[in-house]
$ cat structure-v7.cif   # mmCIF, C-alpha atoms
data_start
loop_
_atom_site.group_PDB
_atom_site.id
_atom_site.type_symbol
_atom_site.label_atom_id
_atom_site.label_comp_id
_atom_site.auth_asym_id
_atom_site.auth_seq_id
_atom_site.Cartn_x
_atom_site.Cartn_y
_atom_site.Cartn_z
ATOM 1 C CA ALA A 103 -115.911 -3.342 68.159
ATOM 2 C CA PHE A 104 -116.324 -6.564 70.132
ATOM 3 C CA ALA A 105 -116.787 -4.633 73.376
ATOM 4 C CA GLN A 106 -119.786 -2.899 71.821
ATOM 5 C CA THR A 107 -121.415 -5.925 70.162
ATOM 6 C CA ASP A 108 -120.578 -8.897 72.442
ATOM 7 C CA THR A 109 -120.370 -10.946 69.219
ATOM 8 C CA PRO A 110 -117.329 -12.966 68.061
ATOM 9 C CA PRO A 111 -115.659 -11.747 64.851
ATOM 10 C CA ALA A 112 -116.712 -13.046 61.419
ATOM 11 C CA GLY A 113 -115.516 -16.586 60.817
ATOM 12 C CA CYS A 114 -115.605 -17.392 64.524
ATOM 13 C CA THR A 115 -118.130 -19.432 66.502
ATOM 14 C CA ALA A 116 -118.964 -19.187 70.196
ATOM 15 C CA PHE A 117 -119.123 -22.584 71.881
ATOM 16 C CA LEU A 118 -119.387 -21.888 75.627
ATOM 17 C CA THR A 119 -120.787 -19.349 78.071
ATOM 18 C CA VAL A 120 -119.711 -19.448 81.722
ATOM 19 C CA GLN A 121 -121.424 -17.606 84.565
ATOM 20 C CA TYR A 122 -119.095 -17.118 87.531
ATOM 21 C CA LYS A 123 -119.444 -15.972 91.098
ATOM 22 C CA SER A 124 -118.359 -12.409 91.939
ATOM 23 C CA CYS A 125 -120.400 -10.893 89.089
ATOM 24 C CA ALA A 126 -118.438 -12.167 86.101
ATOM 25 C CA ALA A 127 -119.300 -14.001 82.901
ATOM 26 C CA SER A 128 -117.295 -15.167 79.915
ATOM 27 C CA LEU A 129 -117.921 -16.078 76.296
ATOM 28 C CA LEU A 130 -115.517 -18.443 74.530
ATOM 29 C CA TRP A 131 -115.092 -18.917 70.792
ATOM 30 C CA ARG A 132 -112.842 -20.445 68.132
ATOM 31 C CA CYS A 133 -112.150 -19.293 64.583
ATOM 32 C CA SER A 134 -111.885 -21.355 61.392
ATOM 33 C CA ALA A 135 -108.808 -19.472 60.139
ATOM 34 C CA ALA A 136 -106.852 -19.808 63.407
ATOM 35 C CA PRO A 137 -104.490 -22.678 64.337
ATOM 36 C CA ASP A 138 -106.406 -25.718 65.603
ATOM 37 C CA GLY A 139 -107.448 -25.393 69.232
ATOM 38 C CA THR A 140 -106.828 -21.648 69.529
ATOM 39 C CA THR A 141 -109.430 -20.217 71.912
ATOM 40 C CA TRP A 142 -110.548 -16.694 72.712
ATOM 41 C CA GLU A 143 -112.256 -15.827 76.000
ATOM 42 C CA ALA A 144 -113.987 -12.502 76.604
ATOM 43 C CA THR A 145 -114.697 -11.650 80.241
ATOM 44 C CA PHE A 146 -117.543 -9.385 81.337
ATOM 45 C CA GLY A 147 -118.471 -7.483 84.488
ATOM 46 C CA GLU A 148 -121.392 -5.262 85.389
ATOM 47 C CA GLU A 149 -120.106 -2.503 83.086
ATOM 48 C CA GLY A 150 -119.642 -4.752 80.052
ATOM 49 C CA ALA A 151 -116.587 -6.364 78.460
ATOM 50 C CA SER A 152 -113.438 -6.061 80.572
ATOM 51 C CA SER A 153 -110.899 -8.139 78.614
ATOM 52 C CA VAL A 154 -110.296 -10.594 75.791
ATOM 53 C CA ALA A 155 -107.642 -13.295 76.172
ATOM 54 C CA THR A 156 -106.163 -15.732 73.637
ATOM 55 C CA PHE A 157 -104.952 -19.274 74.388
ATOM 56 C CA ASN A 158 -103.365 -21.984 72.239
ATOM 57 C CA LYS A 159 -104.444 -25.635 71.985
ATOM 58 C CA GLU A 160 -102.698 -26.386 75.321
ATOM 59 C CA PHE A 161 -104.694 -23.546 76.869
ATOM 60 C CA GLN A 162 -101.379 -21.808 77.286
ATOM 61 C CA TRP A 163 -102.047 -18.096 77.707
ATOM 62 C CA LEU A 164 -100.798 -15.940 74.817
ATOM 63 C CA ASP A 165 -102.337 -12.485 75.007
ATOM 64 C CA THR A 166 -104.854 -10.310 76.892
ATOM 65 C CA TYR A 167 -106.327 -6.965 75.865
ATOM 66 C CA PHE A 168 -107.929 -4.847 78.626
ATOM 67 C CA PHE A 169 -110.767 -2.571 77.541
ATOM 68 C CA PHE A 170 -110.748 -0.234 80.547
ATOM 69 C CA ASP A 171 -107.406 1.377 79.711
ATOM 70 C CA GLY A 172 -106.379 -0.110 76.375
ATOM 71 C CA SER A 173 -103.402 -1.941 77.879
ATOM 72 C CA ARG A 174 -102.232 -5.285 76.544
ATOM 73 C CA GLU A 175 -100.223 -8.125 78.061
ATOM 74 C CA ARG A 176 -98.737 -10.791 75.820
ATOM 75 C CA MET A 177 -96.291 -13.667 75.924
ATOM 76 C CA PHE A 178 -92.720 -12.396 75.631
ATOM 77 C CA GLU A 179 -90.730 -15.557 76.286
ATOM 78 C CA ASN A 180 -92.105 -19.045 76.779
ATOM 79 C CA GLY A 181 -89.284 -19.872 79.172
ATOM 80 C CA PRO A 182 -87.766 -23.208 80.128
ATOM 81 C CA ARG A 183 -91.035 -24.742 81.369
ATOM 82 C CA PRO A 184 -94.172 -24.027 79.349
ATOM 83 C CA ALA A 185 -97.649 -24.238 80.868
ATOM 84 C CA LEU A 186 -99.085 -27.423 79.321
ATOM 85 C CA LEU A 187 -102.627 -28.538 80.069
ATOM 86 C CA SER A 188 -101.960 -31.964 78.505
ATOM 87 C CA GLU A 189 -99.158 -32.574 81.010
ATOM 88 C CA LEU A 190 -101.403 -31.533 83.896
ATOM 89 C CA ILE A 191 -104.125 -33.968 82.799
ATOM 90 C CA GLU A 192 -101.764 -36.853 82.002
ATOM 91 C CA THR A 193 -99.396 -36.645 84.992
ATOM 92 C CA GLY A 194 -101.412 -34.736 87.582
ATOM 93 C CA GLU A 195 -99.141 -31.692 87.681
ATOM 94 C CA ASN A 196 -97.430 -29.102 85.528
ATOM 95 C CA ALA A 197 -94.672 -26.724 86.633
ATOM 96 C CA TYR A 198 -94.172 -23.634 84.484
ATOM 97 C CA GLU A 199 -92.121 -20.499 84.013
ATOM 98 C CA PHE A 200 -92.732 -17.840 81.370
ATOM 99 C CA THR A 201 -92.276 -14.107 80.857
ATOM 100 C CA THR A 202 -94.860 -11.587 79.669
ATOM 101 C CA ILE A 203 -94.626 -8.013 78.476
ATOM 102 C CA GLU A 204 -97.335 -5.481 79.313
ATOM 103 C CA THR A 205 -97.834 -2.393 77.185
ATOM 104 C CA SER A 206 -99.839 0.340 78.902
ATOM 105 C CA PRO A 207 -100.108 4.146 78.976
ATOM 106 C CA ASP A 208 -97.332 4.033 81.622
ATOM 107 C CA GLY A 209 -94.920 2.192 79.326
ATOM 108 C CA ASP A 210 -93.723 -1.400 78.974
ATOM 109 C CA SER A 211 -92.898 -3.841 81.771
ATOM 110 C CA LYS A 212 -91.875 -7.502 81.819
ATOM 111 C CA THR A 213 -93.006 -10.011 84.434
ATOM 112 C CA THR A 214 -91.904 -13.624 84.931
ATOM 113 C CA TYR A 215 -94.434 -16.095 86.353
ATOM 114 C CA ILE A 216 -93.164 -19.218 88.133
ATOM 115 C CA GLY A 217 -95.617 -21.760 89.464
ATOM 116 C CA ILE A 218 -97.198 -25.184 89.538
ATOM 117 C CA ASP A 219 -100.668 -26.610 88.887
ATOM 118 C CA ARG A 220 -101.791 -29.912 90.400
ATOM 119 C CA LEU A 221 -104.933 -32.010 90.113
ATOM 120 C CA THR A 222 -106.473 -32.653 93.528
ATOM 121 C CA GLY A 223 -108.078 -35.935 92.467
ATOM 122 C CA THR A 224 -111.552 -34.504 93.007
ATOM 123 C CA SER A 225 -114.120 -33.258 90.524
ATOM 124 C CA LYS A 226 -117.252 -31.139 90.370
ATOM 125 C CA ARG A 227 -120.278 -31.346 88.054
ATOM 126 C CA ILE A 228 -122.038 -28.258 86.706
ATOM 127 C CA ASN A 229 -124.780 -28.541 84.071
ATOM 128 C CA ASP A 230 -123.664 -32.142 83.389
ATOM 129 C CA GLU A 231 -120.102 -30.971 82.709
ATOM 130 C CA GLU A 232 -117.350 -32.665 84.716
ATOM 131 C CA LEU A 233 -114.705 -30.297 86.045
ATOM 132 C CA LEU A 234 -111.406 -31.528 87.454
ATOM 133 C CA VAL A 235 -110.396 -29.514 90.515
ATOM 134 C CA THR A 236 -106.854 -28.132 90.584
ATOM 135 C CA GLU A 237 -104.714 -26.385 93.138
ATOM 136 C CA PHE A 238 -102.074 -23.879 92.115
ATOM 137 C CA ALA A 239 -99.319 -21.733 93.583
ATOM 138 C CA SER A 240 -97.361 -19.088 91.703
ATOM 139 C CA VAL A 241 -95.072 -16.121 92.175
ATOM 140 C CA ALA A 242 -94.688 -13.159 89.826
ATOM 141 C CA VAL A 243 -91.287 -11.456 89.734
ATOM 142 C CA ASP A 244 -89.871 -8.500 87.850
ATOM 143 C CA ALA A 245 -88.187 -10.041 84.808
ATOM 144 C CA GLU A 246 -85.209 -7.712 85.067
ATOM 145 C CA THR A 247 -84.530 -7.480 88.815
ATOM 146 C CA ARG A 248 -86.179 -10.788 89.897
ATOM 147 C CA GLU A 249 -87.815 -8.908 92.768
ATOM 148 C CA GLU A 250 -91.170 -10.360 93.832
ATOM 149 C CA VAL A 251 -94.251 -8.505 92.577
ATOM 150 C CA TYR A 252 -96.875 -10.764 94.173
ATOM 151 C CA ARG A 253 -97.602 -14.398 94.967
ATOM 152 C CA SER A 254 -100.862 -16.330 94.856
ATOM 153 C CA PHE A 255 -102.448 -19.719 95.457
ATOM 154 C CA GLY A 256 -105.898 -21.219 95.028
ATOM 155 C CA ASN A 257 -108.042 -23.573 92.982
ATOM 156 C CA GLN A 258 -109.206 -23.693 89.378
ATOM 157 C CA TYR A 259 -111.237 -26.097 87.241
ATOM 158 C CA VAL A 260 -110.283 -28.099 84.148
ATOM 159 C CA LEU A 261 -112.949 -28.798 81.519
ATOM 160 C CA ALA A 262 -110.974 -31.563 79.841
ATOM 161 C CA SER A 263 -113.542 -32.161 77.079
ATOM 162 C CA GLU A 264 -112.727 -28.706 75.671
ATOM 163 C CA ASN A 265 -109.099 -28.350 76.864
ATOM 164 C CA LEU A 266 -110.031 -25.384 79.061
ATOM 165 C CA ILE A 267 -109.173 -24.086 82.516
ATOM 166 C CA LEU A 268 -111.907 -22.115 84.277
ATOM 167 C CA LEU A 269 -111.464 -19.627 87.082
ATOM 168 C CA GLY A 270 -111.858 -20.479 90.770
ATOM 169 C CA THR A 271 -110.588 -19.147 94.085
ATOM 170 C CA ASP A 272 -107.453 -17.048 94.454
ATOM 171 C CA THR A 273 -105.540 -15.681 97.442
ATOM 172 C CA TRP A 274 -102.695 -13.303 96.686
ATOM 173 C CA THR A 275 -100.179 -11.250 98.622
ATOM 174 C CA GLN A 276 -98.616 -8.034 97.356
ATOM 175 C CA ASP A 277 -96.621 -5.455 99.307
ATOM 176 C CA GLY A 278 -97.524 -7.221 102.558
ATOM 177 C CA ILE A 279 -101.263 -7.063 101.892
ATOM 178 C CA THR A 280 -103.275 -10.271 101.350
ATOM 179 C CA ASP A 281 -106.595 -10.392 99.519
ATOM 180 C CA GLU A 282 -108.749 -13.104 98.010
ATOM 181 C CA SER A 283 -111.374 -13.647 95.319
ATOM 182 C CA ASN A 284 -113.859 -16.328 94.327
ATOM 183 C CA TYR A 285 -114.737 -16.576 90.643
ATOM 184 C CA SER A 286 -115.826 -20.210 90.755
ATOM 185 C CA PRO A 287 -118.145 -21.269 87.885
ATOM 186 C CA VAL A 288 -121.873 -21.474 88.617
ATOM 187 C CA GLU A 289 -123.260 -22.240 85.145
ATOM 188 C CA ILE A 290 -121.609 -23.783 82.072
ATOM 189 C CA LEU A 291 -123.775 -23.315 78.997
ATOM 190 C CA ARG A 292 -123.536 -24.855 75.534
ATOM 191 C CA PRO A 293 -125.255 -23.649 72.332
ATOM 192 C CA GLY A 294 -128.989 -24.274 72.510
ATOM 193 C CA MET A 295 -129.140 -24.029 76.291
ATOM 194 C CA GLU A 296 -131.097 -21.223 77.899
ATOM 195 C CA GLY A 297 -128.722 -18.392 78.733
ATOM 196 C CA PHE A 298 -126.058 -19.345 76.192
ATOM 197 C CA GLY A 299 -124.526 -16.196 74.731
ATOM 198 C CA ASP A 300 -125.812 -13.982 77.543
ATOM 199 C CA THR A 301 -122.784 -12.000 78.688
ATOM 200 C CA LYS A 302 -124.519 -10.138 81.501
ATOM 201 C CA PRO A 303 -123.244 -11.530 84.828
ATOM 202 C CA LYS A 304 -125.921 -13.054 87.060
ATOM 203 C CA TYR A 305 -124.312 -13.916 90.393
ATOM 204 C CA ASP A 306 -123.132 -11.695 93.278
ATOM 205 C CA CYS A 307 -123.734 -8.487 91.343
ATOM 206 C CA GLY A 308 -124.522 -5.303 93.221
ATOM 207 C CA VAL A 309 -123.086 -6.723 96.448
ATOM 208 C CA THR A 310 -121.949 -3.967 98.818
ATOM 209 C CA GLU A 311 -119.317 -4.764 101.422
ATOM 210 C CA LEU A 312 -119.863 -3.130 104.831
#

$ encode --input "structure-v7.cif" --output "structure tokens"
Amino acid sequence: AFAQTDTPPAGCTAFLTVQYKSCAASLLWRCSAAPDGTTWEATFGEEGASSVATFNKEFQWLDTYFFFDGSRERMFENGPRPALLSELIETGENAYEFTTIETSPDGDSKTTYIGIDRLTGTSKRINDEELLVTEFASVAVDAETREEVYRSFGNQYVLASENLILLGTDTWTQDGITDESNYSPVEILRPGMEGFGDTKPKYDCGVTEL
């Protein structure tokens, strides 16, 4: 239903719209009946809603539903080192390890993510919002065999006033092939600002690679 309406469920209030590079946008909301700080983020591409993810008050990822195939990935085991945004902000870094389970038409699979986030000590301002720049490195391994699935590194952005992490640049290697993406934020919009609630991506759409 959300994919068709682009409107948060009843009892929930949208508080932020982000326009990213690479033809992506997101709408974030919180719900009065949910635990304090729980955040939902719906991501959109040119064809409409692509996914909805849920995060707790630490902006620790909990669950993602993918509209294109109906698959779902959720936290299976928090692991020995949880991803804690408060630790990243307070100490400058946060090492983590957790395991997810993905349910798809092809069956279930478990993946363990091991990585570290660090603050670079630099910041960026967008629409009067201060973003702390991070650098990250992580490796995803099969939870059963511990064989590497892929590894990645890049930069993201912390909006500390809302306890959020926004997308950025990412370089990943899988099966000997390296690729990269840039979903850095271009606009950060609050309620009342022009463009707030508009989930149609604005930047880098319709770009054809030669």

$ closest_residue --input "structure-v7.cif" --among "A:Thr224, A:Asn180, A:Thr275, A:Thr140" --to "Ala155 in chain A" --atoms "only C-alpha atoms"
A:Thr140

$ atom_distance --input "structure-v7.cif" --atom1 "CA of Gly256 in chain A" --atom2 "CA of Asp108 in chain A"
29.6 Å

$ closest_residue --input "structure-v7.cif" --among "A:Ser254, A:Tyr259, A:Gly150, A:Arg248" --to "Gly223 in chain A" --atoms "all atoms listed in the file"
A:Tyr259

$ residues_around --input "structure-v7.cif" --residues "range 116-127 of chain A" --least-positions-apart "3" --cutoff "6 Å" --atoms "only C-alpha atoms" --output "list in words"
Leu130, Trp131, Thr145, Phe146, Gly147, Tyr285, Ser286, Pro287, Val288, Glu289, Ile290, Leu291, Arg292, Phe298, Gly299, Thr301, Pro303, Tyr305, Asp306 and Cys307 of chain A

$ closest_residue --input "structure-v7.cif" --among "A:Trp142, A:Phe200, A:Tyr215, A:Phe161" --to "Ser128 in chain A" --atoms "all atoms listed in the file"
A:Trp142

$ atom_distance --input "structure-v7.cif" --atom1 "CA of Ala185 in chain A" --atom2 "CA of Glu204 in chain A"
18.8 Å

$ closest_residue --input "structure-v7.cif" --among "A:Arg227, A:Arg220, A:Arg132, A:Arg174" --to "Asp208 in chain A" --atoms "all atoms listed in the file"
A:Arg174

$ build_atoms --input "structure-v7.cif" --residues "range 204-220 of chain A" --atoms "N, CA and C atoms" --output "mmCIF file, in the frame of the given file"
data_model
loop_
_atom_site.group_PDB
_atom_site.id
_atom_site.type_symbol
_atom_site.label_atom_id
_atom_site.label_comp_id
_atom_site.auth_asym_id
_atom_site.auth_seq_id
_atom_site.Cartn_x
_atom_site.Cartn_y
_atom_site.Cartn_z
ATOM 1 N N GLU A 204 -96.103 -6.268 79.260
ATOM 2 C CA GLU A 204 -97.335 -5.481 79.313
ATOM 3 C C GLU A 204 -97.067 -4.103 78.727
ATOM 4 N N THR A 205 -97.909 -3.711 77.794
ATOM 5 C CA THR A 205 -97.834 -2.393 77.185
ATOM 6 C C THR A 205 -99.031 -1.587 77.653
ATOM 7 N N SER A 206 -98.777 -0.480 78.330
ATOM 8 C CA SER A 206 -99.839 0.340 78.902
ATOM 9 C C SER A 206 -99.495 1.807 78.709
ATOM 10 N N PRO A 207 -100.418 2.717 79.069
ATOM 11 C CA PRO A 207 -100.108 4.146 78.976
ATOM 12 C C PRO A 207 -98.880 4.551 79.792
ATOM 13 N N ASP A 208 -98.507 3.720 80.792
ATOM 14 C CA ASP A 208 -97.332 4.033 81.622
ATOM 15 C C ASP A 208 -96.032 3.472 81.056
ATOM 16 N N GLY A 209 -96.120 2.775 79.917
ATOM 17 C CA GLY A 209 -94.920 2.192 79.326
ATOM 18 C C GLY A 209 -94.960 0.669 79.345
ATOM 19 N N ASP A 210 -93.816 0.051 79.037
ATOM 20 C CA ASP A 210 -93.723 -1.400 78.974
ATOM 21 C C ASP A 210 -93.074 -1.963 80.239
ATOM 22 N N SER A 211 -93.519 -3.147 80.640
ATOM 23 C CA SER A 211 -92.898 -3.841 81.771
ATOM 24 C C SER A 211 -92.964 -5.340 81.525
ATOM 25 N N LYS A 212 -91.949 -6.058 81.999
ATOM 26 C CA LYS A 212 -91.875 -7.502 81.819
ATOM 27 C C LYS A 212 -91.990 -8.196 83.177
ATOM 28 N N THR A 213 -92.787 -9.249 83.207
ATOM 29 C CA THR A 213 -93.006 -10.011 84.434
ATOM 30 C C THR A 213 -92.805 -11.490 84.158
ATOM 31 N N THR A 214 -92.087 -12.175 85.041
ATOM 32 C CA THR A 214 -91.904 -13.624 84.931
ATOM 33 C C THR A 214 -92.784 -14.316 85.959
ATOM 34 N N TYR A 215 -93.530 -15.323 85.494
ATOM 35 C CA TYR A 215 -94.434 -16.095 86.353
ATOM 36 C C TYR A 215 -93.853 -17.495 86.538
ATOM 37 N N ILE A 216 -93.710 -17.907 87.793
ATOM 38 C CA ILE A 216 -93.164 -19.218 88.133
ATOM 39 C C ILE A 216 -94.181 -19.913 89.031
ATOM 40 N N GLY A 217 -94.600 -21.118 88.645
ATOM 41 C CA GLY A 217 -95.617 -21.760 89.464
ATOM 42 C C GLY A 217 -95.831 -23.211 89.128
ATOM 43 N N ILE A 218 -96.853 -23.783 89.751
ATOM 44 C CA ILE A 218 -97.198 -25.184 89.538
ATOM 45 C C ILE A 218 -98.709 -25.361 89.677
ATOM 46 N N ASP A 219 -99.273 -26.189 88.813
ATOM 47 C CA ASP A 219 -100.668 -26.610 88.887
ATOM 48 C C ASP A 219 -100.706 -28.091 89.210
ATOM 49 N N ARG A 220 -101.626 -28.496 90.075
ATOM 50 C CA ARG A 220 -101.791 -29.912 90.400
ATOM 51 C C ARG A 220 -103.277 -30.274 90.404
#
